[in-house]
Every structure is written in C-alpha cells, then in structure tokens.
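**Student:** Quick one: this structure, given as structure tokens, is what I'll be asking you about.
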Amino acid sequence: MYVIILGCGAIGTRFAYSQIVAGHEVLLIDLNEARIAKVETSLGDIAILGDAAVGDTLINAGIERADAFVATSGNDANNLAACQLAKFIFNVGQVISIVNESSNSNLFHAAGVDTIVSRTDIILANLAGTLLDHAMAELMRINDRNEKLIAMKVPRNAHSVGKRIRDLPLPYGIIIPLVISRVGTPFVPAEDTVLMGGEEVIATCPAESLNELSYAITGQSFSSVVV
Amino acid sequence: MNVIIAGQDHLGIAMANKLSQDGHRVVIVEEEGLHLRSYTKHLVDRENVTLFEANPALDETMIATGIYKCDMFISALRSDAANGLAALKAKISYQVDKVVAFITDESLARVYPRFKIIVVNPHELALESLSESHLLSVGASDRPALNDSTVVS
C-alpha cells in the first residue's frame with residue numbers, strides 16, 4: 001500500500017514509522033525544511049518539501065497511485081484542502097484527517113473526508129479517563145454511520161458492578177469489543193463476563209443511544225458524565 | 001444584500017468598496033490591523049460598512065458578524081486553504097446562499113464548485129485583464145489562437 005502523509009510533526013512521523021514497519025510505502029509532505037531534515041535523519045529519504053494543499057505538490061508526491069492520504073498537520077485549513085484534493089481530484093481510496101479544532105469535525109465530515117480523528121477529543125477522553133472515575137468519553141466517530149466509539153469507566157459503586165454484560169439493560173445496537181481490567185489488561189468480553197468497578201469498557205454505540213448506554217453502565221446520564 | 005468579506009486582500013477590499021457604493025451592507029472581517037491599512041481607511045466612515053477584527057474562520061466570529069442573515073460570503077484570505085475552510089463553513093454549516101472563494105490553485109478550484117461555492121481565481125483575472133489590455137500581446141500574432149488550430153493559413 002502507498003500512503004501519503006501530510007505533516008512531519010510528532011503524529012505524522014510516528015504514523016509513518018508504523019506504516020513502514022507494517023511494510024507499506026510511505027511519503028511525508030511538509031512545509032518546513034527543518035522538520036523534513038529531522039525525519040530524514042531518522043527514517044531516511046521519505047519526505048518532500050511542499051504545500052500539500054496545492055495540486056502540483058500532490059502530483060509530484062505520486063498521489064495518483066496512492067491508496068491512502070492522511071493529513072496530520074496542525075492547520076485544519078491545510079488538512080481539509082489537501083484531503084479534498086486527494087479525495088475529489090485524485091480519487092484516493094481512503095482519506096483520513098486529524099482535526100485540531102474539534103468544532104470542525106462535522107464540517108470535515110460533510111466536506112468529504114472519510115475518517116476524522118479529533119485531537120482535542122482524544123486528549124479530553126484520556127484526561128477524563130484518568131481524572132474521573134465514571135467519565136464516558138467519545139473516542140471517534142465510525143465512518144458515515146452515526147455511530148461512536150466510546151470509552152467508559154465503571155464506577156466502583158455502580159449498579160452494573162457484579163452483573164453479567166448480558167443482564168445489563170443495554171440499548172439496541174451496542175457492541176462491546178473490549179474491556180480493560182483494573183490492572184490495565186485488555187480482554188475481549190463474552191456475554192457472561194461480569195463487570196467489575198474500575199474496569200474500562202470500550203463500546204460502539206449509535207449516537208442517539210449514548211445516554212441509555214451511559215445509564216446502563218455508570219448509572220448516570222451521558223450529559224452529566226461527559227467532560 | 002448583507003455581505004461578509006473575510007480577509008483584507010486588495011481584491012476583497014475592492015469588492016467591499018463597490019458593494020457598499022451600490023448600497024449593500026458589508027462587514028469586512030480580518031484578524032488584525034484592518035483599521036490601519038491605507039486602503040481600508042476610506043471605508044471606515046461609510047455607514048453601511050463595518051470593520052470587524054477577529055479570526056474570520058471561527059464560528060463565534062461568523063455568528064457575531066451576522067452569518068445567519070448573510071446573503072453573500074466572500075472569502076479573500078491569504079491562502080487557498082484558509083479560503084476553502086471559511087467558504088465551506090459558510091456554505092455547509094451556515095447555508096449562506098452565495099459563497100465566493102478566491103482560489104489560485106487550479107486543482108483546488110475544481111473541488112469547491114461541487115459544494116456550490118463560486119470560485120474566483122485572482123491570478124487568472126489579472127492575466128485576463130492584462131491580455132485584454134494588449135500589454136502581453138508582443139509576439140502573440142505568431143501564436144495560433146487556441147480555438148483556431150484547424151485553420152490553415
């Protein structure tokens with residue numbers, strides 16, 4: 001797979017590394033020469049200088065044979081323009097963008113970006129998970145469907161503690177693919193897995209059922225637990 | 001008509017000048033220094049022109065400048081990408097009727113019309129008016145006109 005990444009910052013560089021390790025071909029684009037030089041000392045000659053929101057830069061990067069385009073820069077305007085070029089002009093199959101200003105998420109979605117990762121939301125989710133025992137945090141939106149991937153800590157005194165997952169009043173359409181134990185070990189739960197206080201539940205949930213799900217696991221409504 | 005112009009690009013200011021002369025209500029939004037520019041000074045005293053200093057692409061700015069009552073939003077910021085973001089926001093998030101974006105990159109210029117945004121390329125406009133003025137016509141007669149390639153002389 002050929003992956004083009006906008007932005008040689010911490011996210012872009014580490015993502016590039018992960019893709020190289022996975023055996024993919026990677027090219028990074030950045031406006032800043034110093035950042036390019038830094039990438040080249042660590043990862044080799046895989047970065048070019050240029051503005052990814054300009055068609056010619058993307059053509060030089062070989063966008064016409066790219067399988068995925070990932071925008072990771074700190075500038076939402078550049079991320080969006082580059083993604084739209086990739087998607088609508090060069091027909092790249094998978095277009096992914098980081099959103100720095102979380103209020104831009106819906107716009108990016110409406111403007112044609114396939115997958116959106118909101119930096120602020122993820123940081124907030126992590127903070128919430130660390131600071132609050134019962135916070136429910138939105139990790140990401142799942143594609144076009146109005147579904148969310150969320151994380152929730154089970155409060156130690158919640159009524160869900162000690163109950164099997166199948167006995168919880170979960171709303172329709174919920175999938176719980178992962179539970180993280182109190183000592184931090186992730187495991188795939190079964191229907192008769194018993195939830196314990198302090199565990200973290202990762203679930204996919206239709207947006208309109210967030211409240212119900214939150215109530216079933218934490219005993220509180222979504223709005224009262226979200227940060 | 002209520003018009004919001006984002007950015008203090010010369011072309012944006014020229015449009016503000018023309019539109020306000022024609023009696024439209026115009027808000028010019030730019031992050032900073034708007035009042036200080038020589039070419040905006042003559043606009044300050046006009047009753048139907050408001051200068052607003054804030055980041056034009058932020059939702060709170062858009063709302064404060066009256067985006068909900070806006071008939072036309074013109075994005076004349078410094079970069080194509082910034083114009084694209086502001087114009088998409090005006091169109092998609094606030095459903096402004098007429099949205100114009102100044103875009104110089106040819107590829108990007110093909111993206112925005114699919115979102116019903118009117119694209120204006122200031123570089124092309126400048127070149128067109130230059131060639132109309134025949135400043136660039138030196139030696140032009142040696143070159144076949146674009147649509148005349150089949151004509152045998």
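Convention: chains lettered A, B, ... in structure tokens order; per-chain residue numbering from 1; ligands numbered from 1 as shown.
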Would you list which chain A residues are within 12 Å of chain B using only C-alpha atoms, as a count of residues only?
**Tutor:** 38
**Student:** Can you pull out every residue from segment 1-81 of chain B that DSSP, working from the backbone, puts in strand (DSSP E or B), and format the result as a PyMOL selection string?
**Tutor:** chain B and resi 2-6+25-30+49-53+72-75
**Student:** What's the separation between atom CA of Lys153 of chain A and atom CA of Met196 of chain A, in Å to one decimal place?
**Tutor:**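 Atom CA of Lys153 of chain A sits 9.9 Å away from atom CA of Met196 of chain A.
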**Student:** Atom CA of Glu47 of chain B to atom CA of Ala87 of chain B: how many Å, to one decimal?
**Tutor:**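 Spanning atom CA of Glu47 of chain B to atom CA of Ala87 of chain B is a straight-line distance of 26.0 Å.
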**Student:** Could you please determine the separation between atom CA of Ala16 of chain B and atom CA of Ser131 of chain B in Å, to one decimal place?
**Tutor:**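 Atom CA of Ser131 of chain B lies at a distance of 25.5 Å from atom CA of Ala16 of chain B.
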**Student:** I need the residue nearest Val39 of chain A from this list: A:Val3, A:Ala61, A:Ala16, A:Ile176. Use only C-alpha atoms for the distance.
**Tutor:** A:Ala16
**Student:** What lies within 10 Å of Thr13 of chain A using only C-alpha atoms, ignoring chain neighbours under 3 positions off, as a PyMOL selection string?
**Tutor:** chain A and resi 5-10+16-19+28+35-36+38-39+42-43+47+72
**Student:** Extract, using only C-alpha atoms, all DNA, RNA and protein residues at most 7 Å from Val99 of chain B, discarding same-chain residues fewer than 5 positions from it, and format them as a ChimeraX atom specification.
**Tutor:** /B:72-74,87,91,117-118
**Student:** Could you list, as a PDB file with C-alpha atoms, in the first residue's frame, every residue within 12 Å of Ser214 of chain A, counting only C-alpha atoms and ignoring same-chain residues fewer than 3 positions away?
**Tutor:**
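The result, stored in part.pdb:
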ATOM      1  CA  HIS A 134     -17.089   7.467  35.776  1.00  0.00           C
ATOM      2  CA  ALA A 135     -16.468   9.574  32.688  1.00  0.00           C
ATOM      3  CA  MET A 136     -17.749   8.495  29.337  1.00  0.00           C
ATOM      4  CA  ALA A 137     -15.541   9.702  26.533  1.00  0.00           C
ATOM      5  CA  GLU A 138     -16.049   9.767  22.809  1.00  0.00           C
ATOM      6  CA  ILE A 150     -16.638   5.400  23.274  1.00  0.00           C
ATOM      7  CA  ALA A 151     -14.803   4.535  26.472  1.00  0.00           C
ATOM      8  CA  MET A 152     -16.385   4.380  29.911  1.00  0.00           C
ATOM      9  CA  LYS A 153     -15.032   3.643  33.353  1.00  0.00           C
ATOM     10  CA  VAL A 154     -17.303   1.518  35.503  1.00  0.00           C
ATOM     11  CA  PRO A 155     -17.753   3.385  38.813  1.00  0.00           C
ATOM     12  CA  ALA A 158     -22.410   1.460  40.096  1.00  0.00           C
ATOM     13  CA  HIS A 159     -25.356  -0.913  39.888  1.00  0.00           C
ATOM     14  CA  SER A 160     -23.709  -2.582  36.893  1.00  0.00           C
ATOM     15  CA  LEU A 168     -27.386  -5.110  31.721  1.00  0.00           C
ATOM     16  CA  PRO A 169     -30.176  -3.010  30.159  1.00  0.00           C
ATOM     17  CA  LEU A 170     -28.028  -2.135  27.135  1.00  0.00           C
ATOM     18  CA  PRO A 171     -29.686  -0.258  24.269  1.00  0.00           C
ATOM     19  CA  ILE A 174     -24.303  -1.777  21.218  1.00  0.00           C
ATOM     20  CA  VAL A 201     -15.500  -0.565  28.781  1.00  0.00           C
ATOM     21  CA  ILE A 202     -14.876   0.203  25.106  1.00  0.00           C
ATOM     22  CA  ALA A 203     -18.057   0.141  23.046  1.00  0.00           C
ATOM     23  CA  THR A 204     -19.572   1.211  19.754  1.00  0.00           C
ATOM     24  CA  CYS A 205     -22.902   2.930  20.135  1.00  0.00           C
ATOM     25  CA  ALA A 207     -25.231   8.470  18.820  1.00  0.00           C
ATOM     26  CA  GLU A 208     -28.859   8.562  19.910  1.00  0.00           C
ATOM     27  CA  SER A 209     -28.307   5.758  22.426  1.00  0.00           C
ATOM     28  CA  LEU A 210     -25.308   7.246  24.256  1.00  0.00           C
ATOM     29  CA  ASN A 211     -27.463   8.305  27.152  1.00  0.00           C
ATOM     30  CA  ILE A 217     -23.015   1.109  32.757  1.00  0.00           C
ATOM     31  CA  THR A 218     -22.446   4.096  35.050  1.00  0.00           C
ATOM     32  CA  GLY A 219     -25.899   4.812  36.406  1.00  0.00           C
ATOM     33  CA  GLN A 220     -25.650   8.407  35.198  1.00  0.00           C
ATOM     34  CA  SER A 221     -26.835  10.142  32.055  1.00  0.00           C
ATOM     35  CA  PHE A 222     -24.312  10.931  29.326  1.00  0.00           C
ATOM     36  CA  SER A 223     -24.582  14.699  29.708  1.00  0.00           C
ATOM     37  CA  SER A 224     -23.775  14.545  33.400  1.00  0.00           C
ATOM     38  CA  VAL A 225     -20.642  12.475  32.939  1.00  0.00           C
ATOM     39  CA  VAL A 226     -19.132  13.949  29.806  1.00  0.00           C
TER      40      VAL A 226
END
**Student:** DSSP says alpha helix (DSSP H) for which residues of segment 14-223 of chain A? Put them as number ranges by chain?
**Tutor:** A: 14-21, 33-43, 55-60, 76-84, 105-110, 119-131, 210-218, 222-223
**Student:** Considering only C-alpha atoms, return as a PyMOL selection string whatever protein or nucleic-acid residues lie within 9 Å of Val27 of chain B, sequence-local ones (same chain, fewer than 6 positions apart) excluded.
**Tutor:** chain B and resi 2-6+16+48-52+65-66
**Student:** So that I can see what lies close to Asp9 of chain B, please list as a list of chain:residue names the residues with an atom at most 10 Å from it, counting only C-alpha atoms and leaving out residues fewer than 4 positions away in the same chain.
**Tutor:**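 My list of contacting residues is B:Ile5, B:Ile13, B:Ala14, B:Met15, B:Glu30, B:Ser75, B:Ala76, B:Leu77, B:Arg78, B:Phe102.
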**Student:** Measuring atom to atom with only C-alpha atoms, identify which of B:Leu43, B:Leu127, B:Asp97, B:Asn55 is nearest to Lys18 of chain B.
**Tutor:** B:Leu43
